[in-house]
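As provided, coords38.cif (mmCIF, C-alpha atoms) reads as follows.
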```cif
data_start
loop_
_atom_site.label_atom_id
_atom_site.label_comp_id
_atom_site.auth_asym_id
_atom_site.auth_seq_id
_atom_site.Cartn_x
_atom_site.Cartn_y
_atom_site.Cartn_z
CA MET G 1 4.77 54.88 12.66
CA LYS G 2 1.43 54.30 14.35
CA GLN G 3 -1.40 56.46 13.14
CA PRO G 4 -3.08 58.48 15.93
CA ILE G 5 -6.37 57.06 17.15
CA GLY G 6 -9.21 59.14 15.79
CA GLN G 7 -11.85 59.36 13.11
CA SER G 8 -9.46 57.96 10.52
CA ASP G 9 -9.20 54.64 12.38
CA LYS G 10 -11.34 51.88 10.97
CA LYS G 11 -12.88 49.27 13.24
CA LEU G 12 -12.39 45.75 11.90
CA LEU G 13 -14.53 42.99 13.40
CA VAL G 14 -12.39 39.82 13.35
CA LEU G 15 -14.44 36.60 13.39
CA THR G 16 -12.16 33.79 14.57
CA TYR G 17 -13.03 30.59 16.40
CA TYR G 18 -9.37 30.05 17.26
CA TRP G 19 -7.95 32.60 19.67
CA PRO G 20 -5.89 32.40 22.87
CA PRO G 21 -5.86 30.52 25.13
CA LEU G 22 -6.14 28.09 22.20
CA GLY G 23 -2.72 27.62 20.59
CA GLY G 24 -1.52 26.63 17.14
CA PRO G 25 -1.49 28.29 13.70
CA GLY G 26 -5.26 28.83 13.74
CA SER G 27 -4.84 31.31 16.60
CA LEU G 28 -1.42 32.62 15.64
CA ARG G 29 -2.43 34.14 12.28
CA PRO G 30 -5.28 36.34 13.61
CA VAL G 31 -3.20 37.23 16.69
CA LYS G 32 -0.33 38.52 14.55
CA PHE G 33 -2.72 40.49 12.32
CA ALA G 34 -4.36 41.99 15.41
CA LYS G 35 -0.95 42.87 16.86
CA TYR G 36 0.13 44.95 13.86
CA LEU G 37 -3.12 46.31 12.38
CA PRO G 38 -3.27 49.31 14.78
CA SER G 39 0.09 50.44 13.32
CA PHE G 40 -1.75 50.98 10.04
CA GLY G 41 -4.82 52.80 11.33
CA ILE G 42 -7.10 49.79 11.76
CA THR G 43 -8.51 48.82 15.16
CA PRO G 44 -9.34 45.11 15.45
CA ILE G 45 -12.24 43.89 17.57
CA ILE G 46 -12.05 40.14 18.14
CA LEU G 47 -15.20 38.03 18.22
CA THR G 48 -14.56 34.48 19.38
CA ARG G 49 -16.07 31.73 21.54
CA LYS G 50 -15.87 31.12 25.28
CA ASN G 51 -13.61 28.38 26.66
CA VAL G 52 -13.68 25.00 24.92
CA ALA G 53 -12.02 21.60 25.32
CA TYR G 54 -8.91 21.53 23.15
CA HIS G 55 -5.57 19.76 22.78
CA SER G 56 -3.15 22.72 22.60
CA PHE G 57 -3.20 25.81 24.80
CA ASP G 58 -1.00 28.90 24.70
CA ASP G 59 -1.71 31.91 26.90
CA GLU G 60 1.54 33.62 25.94
CA ILE G 61 0.69 34.40 22.30
CA GLY G 62 -2.11 36.63 23.56
CA ARG G 63 0.22 38.88 25.51
CA ASP G 64 1.05 40.96 22.44
CA VAL G 65 -2.63 41.83 21.99
CA ARG G 66 -3.71 42.47 25.56
CA ASN G 67 -5.07 45.89 24.61
CA VAL G 68 -7.26 44.49 21.84
CA LYS G 69 -10.97 44.23 22.61
CA VAL G 70 -12.10 40.60 22.70
CA LEU G 71 -15.76 39.55 22.74
CA ARG G 72 -16.39 35.95 23.80
CA THR G 73 -19.73 34.34 23.07
CA CYS G 74 -21.51 31.15 24.04
CA SER G 75 -21.69 28.24 21.61
CA MET G 76 -23.23 24.79 21.42
CA ASP G 77 -20.53 23.16 19.33
CA PRO G 78 -19.06 19.84 20.56
CA ALA G 79 -15.85 21.38 21.96
CA ARG G 80 -17.85 23.88 24.03
CA ILE G 81 -20.25 21.22 25.28
CA LEU G 82 -17.35 18.99 26.34
CA TYR G 83 -15.92 21.94 28.27
CA LEU G 84 -19.24 22.54 30.03
CA LEU G 85 -19.29 18.84 30.93
CA GLY G 86 -15.93 19.22 32.66
CA MET G 87 -13.38 18.29 29.97
CA ARG G 88 -10.46 20.65 29.50
CA ASN G 89 -7.85 18.74 27.47
CA TYR G 90 -9.22 17.02 24.39
CA SER G 91 -7.35 14.09 22.89
CA VAL G 92 -8.08 13.01 19.31
CA SER G 93 -9.09 9.34 18.89
CA ARG G 94 -9.84 7.35 15.76
CA TRP G 95 -13.48 6.76 16.68
CA HIS G 96 -14.09 10.51 16.69
CA GLY G 97 -13.56 10.65 12.90
CA PRO G 98 -16.88 9.08 11.75
CA ILE G 99 -18.83 11.35 14.10
CA LYS G 100 -17.05 14.46 12.85
CA ARG G 101 -17.59 13.47 9.21
CA THR G 102 -21.32 12.95 9.84
CA ILE G 103 -21.79 16.50 11.14
CA ASN G 104 -19.36 18.08 8.68
CA PHE G 105 -21.84 20.65 7.29
CA PRO G 106 -19.53 22.48 6.71
CA ASP G 107 -17.86 21.61 10.05
CA ASN G 108 -18.78 20.77 13.62
CA LYS G 109 -18.50 24.41 14.76
CA THR G 110 -21.73 25.46 13.00
CA PRO G 111 -23.62 25.73 16.36
CA TRP G 112 -21.42 28.76 17.11
CA VAL G 113 -22.92 30.71 14.18
CA PRO G 114 -26.12 32.05 15.83
CA PHE G 115 -24.26 33.14 18.98
CA ALA G 116 -21.52 34.86 16.99
CA LEU G 117 -24.06 36.55 14.74
CA SER G 118 -26.11 37.80 17.68
CA ALA G 119 -23.04 39.29 19.41
CA ALA G 120 -21.73 40.84 16.19
CA ARG G 121 -25.00 42.67 15.53
CA LYS G 122 -24.59 44.51 18.84
CA THR G 123 -21.08 45.67 17.93
CA GLY G 124 -20.04 48.73 15.96
CA PHE G 125 -17.59 48.10 13.11
CA ASP G 126 -16.63 49.30 9.64
CA ALA G 127 -15.69 45.98 8.04
CA ILE G 128 -15.74 42.25 8.78
CA PHE G 129 -12.74 39.91 8.65
CA ALA G 130 -13.61 36.21 8.85
CA THR G 131 -10.80 33.66 9.03
CA ALA G 132 -11.32 29.92 8.49
CA PRO G 133 -11.30 27.05 9.20
CA PRO G 134 -13.71 26.45 10.77
CA PHE G 135 -15.60 27.46 7.63
CA SER G 136 -18.81 28.09 9.53
CA THR G 137 -17.04 31.37 10.41
CA PHE G 138 -17.52 32.35 6.74
CA ILE G 139 -21.25 31.66 7.07
CA THR G 140 -21.38 34.04 10.03
CA GLY G 141 -19.55 36.65 7.97
CA TYR G 142 -21.90 36.13 5.03
CA TYR G 143 -25.05 36.77 7.07
CA LEU G 144 -23.45 39.65 8.95
CA ALA G 145 -22.42 41.33 5.69
CA ARG G 146 -25.96 41.02 4.32
CA ILE G 147 -27.52 42.38 7.49
CA SER G 148 -25.07 45.21 8.14
CA GLY G 149 -24.15 46.20 4.60
CA LYS G 150 -20.50 46.33 5.69
CA PRO G 151 -17.72 44.88 3.49
CA LEU G 152 -16.65 41.31 4.16
CA ILE G 153 -13.04 40.10 3.98
CA VAL G 154 -12.61 36.31 4.04
CA ASP G 155 -9.31 34.68 4.94
CA PHE G 156 -8.74 31.12 3.63
CA ARG G 157 -6.12 29.50 5.89
CA ASP G 158 -6.95 26.26 4.04
CA ALA G 159 -8.84 25.28 0.92
CA TRP G 160 -12.56 24.87 1.62
CA LEU G 161 -14.06 22.51 -0.94
CA GLU G 162 -10.76 20.58 -1.05
CA PHE G 163 -10.20 20.77 2.73
CA PRO G 164 -7.52 18.10 3.32
CA PHE G 165 -7.96 17.46 7.05
CA MET G 166 -11.65 16.50 6.97
CA PRO G 167 -12.50 15.82 3.29
CA TYR G 168 -16.12 16.24 2.30
CA LYS G 169 -17.71 12.91 1.40
CA GLY G 170 -20.72 12.24 -0.74
CA ARG G 171 -22.77 14.39 -3.07
CA LEU G 172 -24.84 16.04 -0.31
CA GLN G 173 -21.87 17.38 1.65
CA LYS G 174 -20.00 18.50 -1.47
CA GLU G 175 -23.00 20.32 -2.93
CA PHE G 176 -23.68 21.99 0.41
CA VAL G 177 -20.11 23.25 0.66
CA ARG G 178 -19.88 24.24 -3.02
CA ASN G 179 -23.07 26.29 -2.68
CA TRP G 180 -21.80 28.10 0.42
CA GLU G 181 -18.35 28.67 -1.03
CA ARG G 182 -19.91 30.32 -4.09
CA LYS G 183 -22.17 32.55 -1.98
CA VAL G 184 -19.32 33.62 0.30
CA VAL G 185 -16.78 34.51 -2.40
CA ASN G 186 -19.43 36.38 -4.39
CA ILE G 187 -20.49 38.59 -1.47
CA ALA G 188 -16.93 39.13 -0.20
CA SER G 189 -15.28 42.45 -1.01
CA LEU G 190 -11.82 40.96 -0.51
CA ILE G 191 -10.61 37.33 -0.53
CA ILE G 192 -7.32 36.49 1.18
CA VAL G 193 -5.67 33.07 0.73
CA VAL G 194 -2.46 31.70 2.22
CA ASP G 195 -1.30 29.90 -0.91
CA ASP G 196 -1.42 30.11 -4.71
CA ASN G 197 -3.01 26.65 -4.95
CA ILE G 198 -6.10 27.86 -3.10
CA SER G 199 -6.23 30.97 -5.27
CA ASN G 200 -5.99 28.92 -8.46
CA SER G 201 -8.71 26.48 -7.46
CA LEU G 202 -11.08 29.31 -6.50
CA LEU G 203 -10.39 31.15 -9.75
CA ASP G 204 -11.04 27.99 -11.76
CA ARG G 205 -14.52 27.81 -10.23
CA TYR G 206 -15.24 31.54 -9.94
CA PRO G 207 -13.26 33.56 -12.53
CA GLN G 208 -15.35 36.63 -11.70
CA ILE G 209 -13.48 37.08 -8.37
CA ARG G 210 -10.08 37.68 -10.00
CA ASP G 211 -9.94 41.37 -9.09
CA LYS G 212 -10.61 40.81 -5.40
CA ILE G 213 -8.41 37.84 -4.48
CA CYS G 214 -4.82 37.98 -3.23
CA VAL G 215 -2.26 35.76 -1.50
CA ILE G 216 -0.98 36.67 1.97
CA PRO G 217 1.00 33.70 3.34
CA ASN G 218 1.78 32.96 6.95
CA GLY G 219 4.87 34.89 7.94
CA TYR G 220 7.39 35.12 10.75
CA ASP G 221 8.62 37.63 13.31
CA PRO G 222 12.43 37.91 12.90
CA ASP G 223 13.00 38.55 16.61
CA ASP G 224 11.56 35.13 17.46
CA PHE G 225 14.29 33.26 15.58
CA LYS G 226 17.54 33.37 17.51
CA ARG G 227 19.79 30.46 18.45
CA THR G 228 20.64 30.76 22.13
CA GLU G 229 22.55 27.56 22.89
CA GLU G 230 24.52 24.76 21.24
CA PRO G 231 22.79 21.35 21.62
CA ASP G 232 24.85 18.68 23.36
CA ARG G 233 24.24 16.14 20.57
CA PHE G 234 23.16 16.07 16.92
CA THR G 235 19.58 17.36 17.21
CA ILE G 236 16.83 17.00 14.63
CA SER G 237 13.53 18.82 15.24
CA TYR G 238 10.01 18.66 13.91
CA LEU G 239 7.73 21.62 14.70
CA GLY G 240 3.95 21.25 14.61
CA THR G 241 1.14 18.75 15.11
CA VAL G 242 1.67 15.08 14.28
CA ARG G 243 -1.42 13.53 12.67
CA LYS G 244 -2.24 11.20 9.79
CA GLU G 245 -1.25 13.77 7.14
CA ARG G 246 2.15 14.03 8.87
CA ASN G 247 2.97 10.41 9.66
CA PRO G 248 6.55 10.37 11.05
CA GLU G 249 7.20 6.62 10.82
CA ASN G 250 9.40 6.65 7.69
CA ILE G 251 11.53 9.50 9.00
CA LEU G 252 12.07 7.62 12.24
CA LYS G 253 13.01 4.45 10.35
CA ALA G 254 15.61 6.39 8.35
CA ILE G 255 17.24 7.82 11.49
CA SER G 256 17.13 4.40 13.14
CA HIS G 257 19.00 2.96 10.13
CA VAL G 258 21.68 5.65 10.49
CA MET G 259 22.13 4.83 14.17
CA SER G 260 22.31 1.09 13.53
CA LYS G 261 24.78 1.45 10.65
CA ASN G 262 27.10 3.69 12.66
CA ARG G 263 26.51 1.88 15.95
CA LEU G 264 25.34 5.07 17.63
CA ASP G 265 23.48 5.21 20.94
CA LYS G 266 20.78 7.67 21.94
CA ASP G 267 23.37 10.03 23.42
CA ARG G 268 24.64 10.86 19.92
CA ILE G 269 21.42 11.73 18.05
CA ARG G 270 18.17 13.19 19.31
CA PHE G 271 14.91 13.69 17.41
CA ARG G 272 12.59 16.23 19.01
CA PHE G 273 8.86 16.46 18.31
CA ILE G 274 7.81 19.97 19.30
CA GLY G 275 4.02 20.11 19.44
CA TYR G 276 0.93 18.01 19.95
CA VAL G 277 1.09 14.36 18.86
CA GLU G 278 -2.09 12.38 18.23
CA GLU G 279 -2.44 9.31 20.39
CA ARG G 280 -2.01 6.70 17.65
CA PHE G 281 1.39 8.15 16.70
CA LEU G 282 2.55 8.38 20.29
CA ARG G 283 2.59 4.59 20.38
CA ILE G 284 4.76 4.48 17.24
CA ILE G 285 7.13 7.25 18.34
CA LYS G 286 7.77 5.78 21.78
CA ASN G 287 9.31 2.69 20.16
CA TYR G 288 12.40 4.79 19.31
CA ASN G 289 14.71 5.57 22.21
CA PHE G 290 16.30 8.59 20.51
CA VAL G 291 13.02 10.56 20.49
CA GLU G 292 12.20 13.47 22.78
CA LEU G 293 8.59 14.67 23.09
CA THR G 294 8.02 18.22 24.33
CA GLY G 295 4.24 18.25 23.91
CA HIS G 296 2.54 21.49 22.93
CA LEU G 297 4.52 24.50 24.13
CA PRO G 298 3.91 28.26 24.14
CA TYR G 299 4.76 29.56 20.68
CA LYS G 300 7.92 31.49 21.54
CA LYS G 301 9.26 28.63 23.67
CA ALA G 302 8.60 26.18 20.83
CA ILE G 303 10.42 28.41 18.33
CA ASP G 304 13.35 28.81 20.73
CA ILE G 305 13.76 25.04 21.14
CA PHE G 306 13.32 24.53 17.40
CA CYS G 307 16.06 27.02 16.53
CA ASN G 308 18.44 25.31 18.96
CA SER G 309 18.79 22.33 16.63
CA HIS G 310 21.08 21.23 13.81
CA LEU G 311 18.46 20.01 11.36
CA ALA G 312 14.73 20.51 10.73
CA VAL G 313 12.26 17.97 9.37
CA LEU G 314 8.93 18.53 7.57
CA ILE G 315 6.45 15.75 6.76
CA THR G 316 3.59 15.61 4.26
CA THR G 317 1.66 12.72 2.76
CA GLY G 318 1.19 14.59 -0.51
CA SER G 319 -2.16 16.42 -0.85
CA GLU G 320 -1.72 19.50 -3.04
CA TYR G 321 -4.08 21.33 -0.68
CA PHE G 322 -2.03 20.48 2.38
CA PHE G 323 -0.02 23.64 3.09
CA PRO G 324 2.38 23.34 6.02
CA SER G 325 1.62 26.66 7.68
CA ARG G 326 5.11 26.90 9.15
CA GLN G 327 7.13 26.98 5.92
CA ASN G 328 8.28 30.56 6.47
CA GLU G 329 9.11 29.78 10.09
CA TYR G 330 11.22 26.79 9.05
CA LEU G 331 13.09 29.00 6.59
CA ALA G 332 13.48 31.80 9.12
CA SER G 333 15.25 29.38 11.47
CA GLY G 334 18.17 29.02 9.03
CA LEU G 335 18.26 25.27 9.72
CA PRO G 336 18.85 22.83 6.86
CA ILE G 337 15.58 21.04 6.10
CA ILE G 338 14.72 17.48 5.14
CA VAL G 339 11.20 17.02 3.79
CA CYS G 340 9.57 13.59 3.88
CA GLY G 341 6.93 13.63 1.13
CA ARG G 342 6.25 15.68 -1.99
CA SER G 343 3.35 18.09 -2.37
CA LYS G 344 2.40 21.09 -4.51
CA GLY G 345 1.57 22.73 -1.19
CA LEU G 346 5.30 22.91 -0.49
CA HIS G 347 6.07 25.19 -3.43
CA MET G 348 7.18 28.05 -1.17
CA LEU G 349 9.81 25.87 0.44
CA SER G 350 10.66 24.30 -2.93
CA GLY G 351 11.24 27.78 -4.32
CA ALA G 352 13.60 28.56 -1.46
CA LEU G 353 15.61 25.40 -2.15
CA GLU G 354 15.88 26.40 -5.82
CA LYS G 355 17.28 29.74 -4.64
CA GLY G 356 20.00 27.96 -2.68
CA TYR G 357 18.52 27.39 0.76
CA PRO G 358 19.95 24.10 2.16
CA GLY G 359 17.27 21.44 2.03
CA TRP G 360 16.23 18.18 0.38
CA ILE G 361 12.79 16.80 -0.54
CA PHE G 362 12.26 13.03 -0.67
CA ASP G 363 9.35 10.84 -1.66
CA PHE G 364 7.38 9.85 1.42
CA ASP G 365 8.55 6.22 1.24
CA ASP G 366 12.17 6.91 0.17
CA ILE G 367 13.69 5.66 3.40
CA ASP G 368 17.02 4.83 1.74
CA GLY G 369 17.39 8.34 0.33
CA MET G 370 16.62 9.95 3.68
CA THR G 371 18.96 7.53 5.46
CA LYS G 372 21.87 8.57 3.21
CA ARG G 373 21.15 12.27 3.69
CA PHE G 374 20.86 11.97 7.48
CA SER G 375 24.12 10.00 7.54
CA ASP G 376 25.89 12.65 5.42
CA LEU G 377 24.67 15.50 7.63
CA TYR G 378 25.65 13.68 10.80
CA GLY G 379 29.11 13.11 9.32
CA LYS G 380 29.48 16.83 8.60
CA TYR G 381 28.34 17.64 12.15
CA ARG G 382 31.04 15.32 13.55
CA LYS G 383 33.63 17.21 11.49
CA GLY G 384 32.41 20.54 12.87
CA ILE G 385 30.80 21.63 9.60
CA VAL G 386 27.83 23.89 10.31
CA ILE G 387 25.17 24.24 7.61
CA LYS G 388 23.01 27.34 7.79
CA GLY G 389 20.63 29.03 5.37
CA LYS G 390 19.02 32.41 4.93
CA THR G 391 15.39 32.73 3.95
CA PRO G 392 14.87 34.29 0.51
CA TYR G 393 11.51 35.58 1.72
CA GLN G 394 12.78 38.47 3.82
CA ALA G 395 9.65 40.48 3.02
CA TYR G 396 7.34 37.90 4.61
CA THR G 397 7.52 39.25 8.14
CA ARG G 398 4.26 39.33 10.06
CA LYS G 399 4.31 43.12 10.20
CA ASN G 400 4.95 43.57 6.49
CA LEU G 401 2.22 41.08 5.56
CA THR G 402 -0.18 42.91 7.88
CA ARG G 403 0.71 46.16 6.10
CA ILE G 404 -0.34 44.53 2.82
CA LEU G 405 -3.59 43.39 4.42
CA ALA G 406 -4.24 46.89 5.78
CA GLU G 407 -3.65 48.46 2.34
CA LYS G 408 -6.17 46.05 0.82
CA ILE G 409 -8.72 46.81 3.53
CA ASN G 410 -8.29 50.57 3.13
CA LYS G 411 -9.05 50.28 -0.59
CA ILE G 412 -12.47 48.80 0.10
#
```
Rewrite the structure of this file - the entire thing - as structure tokens.
Amino acid sequence: MKQPIGQSDKKLLVLTYYWPPLGGPGSLRPVKFAKYLPSFGITPIILTRKNVAYHSFDDEIGRDVRNVKVLRTCSMDPARILYLLGMRNYSVSRWHGPIKRTINFPDNKTPWVPFALSAARKTGFDAIFATAPPFSTFITGYYLARISGKPLIVDFRDAWLEFPFMPYKGRLQKEFVRNWERKVVNIASLIIVVDDNISNSLLDRYPQIRDKICVIPNGYDPDDFKRTEEPDRFTISYLGTVRKERNPENILKAISHVMSKNRLDKDRIRFRFIGYVEERFLRIIKNYNFVELTGHLPYKKAIDIFCNSHLAVLITTGSEYFFPSRQNEYLASGLPIIVCGRSKGLHMLSGALEKGYPGWIFDFDDIDGMTKRFSDLYGKYRKGIVIKGKTPYQAYTRKNLTRILAEKINKI
């Protein structure tokens, strides 16, 4: 039951670069926290940037938090500058990588820090919640905590020093990041991480933070996961961004082998990519006539299409600090899951499979193994055998995880 607004309510300043209309997991996590925090006596105030050029937009996920106060500041980071120059939709290209790595101190969003800090100092709040990446958000939180004397909560959606999507190269970058990571975790009153691997790596470096670190994974809202229609053909779905850490080529080869072996045409099997696909992989994917590309969709629409499938696919190239943020959402769908690639970052899903959830994990290059499994599942589908699972992580709803967060905040 929601606590009445009054003196008992705490004001939590949420520092987040990603926020609607930007879509994806980076926006979804703070949105879901902001949606449910008022139920536990905490009033979120969002501090984010003004419009930027980006590849995935989603206005709908902000509808649940329309009554939340949102402060939008200027910035001089590359995405904001591109927007001011007239670009709206940003498409990732290979030549962008060297530029991004050069200014990766600790990321290319650092020019937002002074604007965010200036706006935050004019805002009343009781505590600070900084979620990253981008990790420059933690730097804003660090300075704000020192200036204001208010407690700082940092939320690691990914590992920092071991960040898998833009690894730090060279002694200078690594020392810079290591120094800032140490300063941030030492000043923080509470450290939230989405996965045990991040917690373990931080504790190895900073054992003194043991009493203030806890794991709060990404969760799911049960009402979002309902099958509404029966697909007209055997449908396999992948949910999320396709990029180099999630190369789909081997999965596609395995399905192609199944179709060739059984002499199936594209009207029998469909593979759906639900989400943004980087340009280099679009060229690969379009070589397969059984593929359907939806592009980035509003979150609830994407989940609806995903659930209306027969089989789900996850892909990882193996970094132990690569944590597919949608593991709980995959499990909440009840769909059987094939995973292409092994990673310690998949231990939540691996644990579910050990508990009986229907799914199979293959080495990234085990095309033969995946081909046999796809063929077996298609055969069962043709016989009318429906395979469904039930997530063993019933407690990992977004609301329940927010309750845990609120309890931790209230203690500090």
Open item on the list: Once the PyMOL selection byres ((chain G and resi 185) around 10) is applied to the coordinates I shared, what remains selected? I want it as a ChimeraX atom specification.
Closed with: /G:138,142,152-154,180-184,186-191,202,206,208-209,212-213
Open item on the list: Please expand the PyMOL selection byres ((chain G and resi 276) around 8) into the concrete residues it hits in this file, giving the result as JSON, numbers by chain.
Closed with: {"G": [55, 56, 240, 241, 242, 274, 275, 277, 278, 295, 296]}
Open item on the list: From (-4.5, 48.8, 8.8), in the file's coordinates, out to 7 Å: which residues are reached, counting all atoms listed in the file? Answer as a ChimeraX atom specification.
Closed with: /G:37-42,403,406-407
Open item on the list: Starting from the PyMOL selection byres ((chain G and resi 336) around 9), expand the selection into actual residues of this file and give them as an MDAnalysis selection string.
Closed with: chainID G and resid 310:313 330:331 333:335 337:338 357:360 387:389
Task: Nearest residue to Tyr36 in chain G from the set G:Asp58, G:Asp365, G:Asp195, G:Asp221 (distances using only C-alpha atoms) - done: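 With only C-alpha atoms as the atom set, the closest residue is G:Asp221.
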Open item on the list: Under the rule that all atoms listed in the file are counted, which of G:Pro231, G:Pro106, G:Gly345, G:Pro151 is the nearest residue to Arg178 in chain G?
Closed with: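 Result for the nearest residue to Arg178 in chain G: G:Pro106.
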Quick one: which range 136-236 of chain G residues come within 7 Å of range 324-329 of chain G, and what is the nearest atom pair for each with the distance in Å to one decimal, counting all atoms listed in the file, rows ordered by chain and ascending number, as a Markdown table?
```
| residue | atom | partner | partner_atom | distance |
| --- | --- | --- | --- | --- |
| G:Asn218 | CA | G:Ser325 | CA | 6.3 |
| G:Gly219 | CA | G:Asn328 | CA | 5.7 |
| G:Tyr220 | CA | G:Glu329 | CA | 5.6 |
```
TODO: Identify the residues around (7.4, 13.1, 2.1) within a radius of 8 Å, measuring from all atoms listed in the file in the coordinates stated by the file, and give them as a PyMOL selection string.
DONE: chain G and resi 314-318+339-343+361-365
Preceding selection exported with C-alpha atoms as a PDB file, keeping the file's coordinate frame:
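What ended up in out07.pdb:
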```
ATOM      1  CA  LEU G 314       8.930  18.530   7.570  1.00  0.00           C
ATOM      2  CA  ILE G 315       6.450  15.750   6.760  1.00  0.00           C
ATOM      3  CA  THR G 316       3.590  15.610   4.260  1.00  0.00           C
ATOM      4  CA  THR G 317       1.660  12.720   2.760  1.00  0.00           C
ATOM      5  CA  GLY G 318       1.190  14.590  -0.510  1.00  0.00           C
ATOM      6  CA  VAL G 339      11.200  17.020   3.790  1.00  0.00           C
ATOM      7  CA  CYS G 340       9.570  13.590   3.880  1.00  0.00           C
ATOM      8  CA  GLY G 341       6.930  13.630   1.130  1.00  0.00           C
ATOM      9  CA  ARG G 342       6.250  15.680  -1.990  1.00  0.00           C
ATOM     10  CA  SER G 343       3.350  18.090  -2.370  1.00  0.00           C
ATOM     11  CA  ILE G 361      12.790  16.800  -0.540  1.00  0.00           C
ATOM     12  CA  PHE G 362      12.260  13.030  -0.670  1.00  0.00           C
ATOM     13  CA  ASP G 363       9.350  10.840  -1.660  1.00  0.00           C
ATOM     14  CA  PHE G 364       7.380   9.850   1.420  1.00  0.00           C
ATOM     15  CA  ASP G 365       8.550   6.220   1.240  1.00  0.00           C
TER      16      ASP G 365
END
```
- [ ] Rounded to one decimal place, report the CA of Leu252 in chain G-CA of Leu282 in chain G distance in Å.
- [x]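 Spanning CA of Leu252 in chain G to CA of Leu282 in chain G is a straight-line distance of 12.5 Å.
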TODO: Rounded to one decimal place, report the CA of Pro111 in chain G-CA of Leu47 in chain G distance in Å.
DONE: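 Result for CA of Pro111 in chain G versus CA of Leu47 in chain G: 15.0 Å, one decimal.
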Could you extract range 256-272 of chain G of the given structure into a file holding N, CA and C atoms, as a PDB file, in the first residue's frame?
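The file below, out05.pdb, is the result:
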```
ATOM      1  N   SER G 256      19.475 -22.669 -40.937  1.00  0.00           N
ATOM      2  CA  SER G 256      19.545 -22.894 -42.376  1.00  0.00           C
ATOM      3  C   SER G 256      19.803 -24.370 -42.682  1.00  0.00           C
ATOM      4  N   HIS G 257      20.661 -25.013 -41.861  1.00  0.00           N
ATOM      5  CA  HIS G 257      20.933 -26.442 -42.050  1.00  0.00           C
ATOM      6  C   HIS G 257      19.673 -27.271 -41.813  1.00  0.00           C
ATOM      7  N   VAL G 258      18.888 -26.890 -40.800  1.00  0.00           N
ATOM      8  CA  VAL G 258      17.640 -27.605 -40.519  1.00  0.00           C
ATOM      9  C   VAL G 258      16.686 -27.500 -41.710  1.00  0.00           C
ATOM     10  N   MET G 259      16.586 -26.307 -42.265  1.00  0.00           N
ATOM     11  CA  MET G 259      15.671 -26.096 -43.387  1.00  0.00           C
ATOM     12  C   MET G 259      16.123 -26.859 -44.626  1.00  0.00           C
ATOM     13  N   SER G 260      17.438 -26.871 -44.864  1.00  0.00           N
ATOM     14  CA  SER G 260      17.960 -27.602 -46.027  1.00  0.00           C
ATOM     15  C   SER G 260      17.748 -29.104 -45.873  1.00  0.00           C
ATOM     16  N   LYS G 261      18.053 -29.619 -44.676  1.00  0.00           N
ATOM     17  CA  LYS G 261      17.939 -31.059 -44.417  1.00  0.00           C
ATOM     18  C   LYS G 261      16.504 -31.544 -44.577  1.00  0.00           C
ATOM     19  N   ASN G 262      15.565 -30.732 -44.112  1.00  0.00           N
ATOM     20  CA  ASN G 262      14.154 -31.130 -44.161  1.00  0.00           C
ATOM     21  C   ASN G 262      13.402 -30.554 -45.365  1.00  0.00           C
ATOM     22  N   ARG G 263      14.159 -29.884 -46.238  1.00  0.00           N
ATOM     23  CA  ARG G 263      13.579 -29.291 -47.442  1.00  0.00           C
ATOM     24  C   ARG G 263      12.390 -28.396 -47.105  1.00  0.00           C
ATOM     25  N   LEU G 264      12.633 -27.491 -46.150  1.00  0.00           N
ATOM     26  CA  LEU G 264      11.581 -26.576 -45.710  1.00  0.00           C
ATOM     27  C   LEU G 264      11.748 -25.226 -46.401  1.00  0.00           C
ATOM     28  N   ASP G 265      10.628 -24.576 -46.707  1.00  0.00           N
ATOM     29  CA  ASP G 265      10.712 -23.222 -47.247  1.00  0.00           C
ATOM     30  C   ASP G 265      10.449 -22.213 -46.134  1.00  0.00           C
ATOM     31  N   LYS G 266      10.540 -20.938 -46.480  1.00  0.00           N
ATOM     32  CA  LYS G 266      10.435 -19.883 -45.466  1.00  0.00           C
ATOM     33  C   LYS G 266       9.045 -19.782 -44.840  1.00  0.00           C
ATOM     34  N   ASP G 267       8.068 -20.459 -45.423  1.00  0.00           N
ATOM     35  CA  ASP G 267       6.726 -20.435 -44.842  1.00  0.00           C
ATOM     36  C   ASP G 267       6.578 -21.422 -43.687  1.00  0.00           C
ATOM     37  N   ARG G 268       7.610 -22.206 -43.406  1.00  0.00           N
ATOM     38  CA  ARG G 268       7.544 -23.191 -42.327  1.00  0.00           C
ATOM     39  C   ARG G 268       8.247 -22.711 -41.052  1.00  0.00           C
ATOM     40  N   ILE G 269       9.341 -21.982 -41.212  1.00  0.00           N
ATOM     41  CA  ILE G 269      10.112 -21.501 -40.054  1.00  0.00           C
ATOM     42  C   ILE G 269      10.406 -20.017 -40.225  1.00  0.00           C
ATOM     43  N   ARG G 270      10.265 -19.302 -39.137  1.00  0.00           N
ATOM     44  CA  ARG G 270      10.566 -17.860 -39.133  1.00  0.00           C
ATOM     45  C   ARG G 270      11.471 -17.543 -37.950  1.00  0.00           C
ATOM     46  N   PHE G 271      12.499 -16.748 -38.200  1.00  0.00           N
ATOM     47  CA  PHE G 271      13.380 -16.256 -37.133  1.00  0.00           C
ATOM     48  C   PHE G 271      13.189 -14.749 -37.047  1.00  0.00           C
ATOM     49  N   ARG G 272      12.737 -14.293 -35.875  1.00  0.00           N
ATOM     50  CA  ARG G 272      12.487 -12.861 -35.693  1.00  0.00           C
ATOM     51  C   ARG G 272      13.578 -12.222 -34.836  1.00  0.00           C
TER      52      ARG G 272
END
```
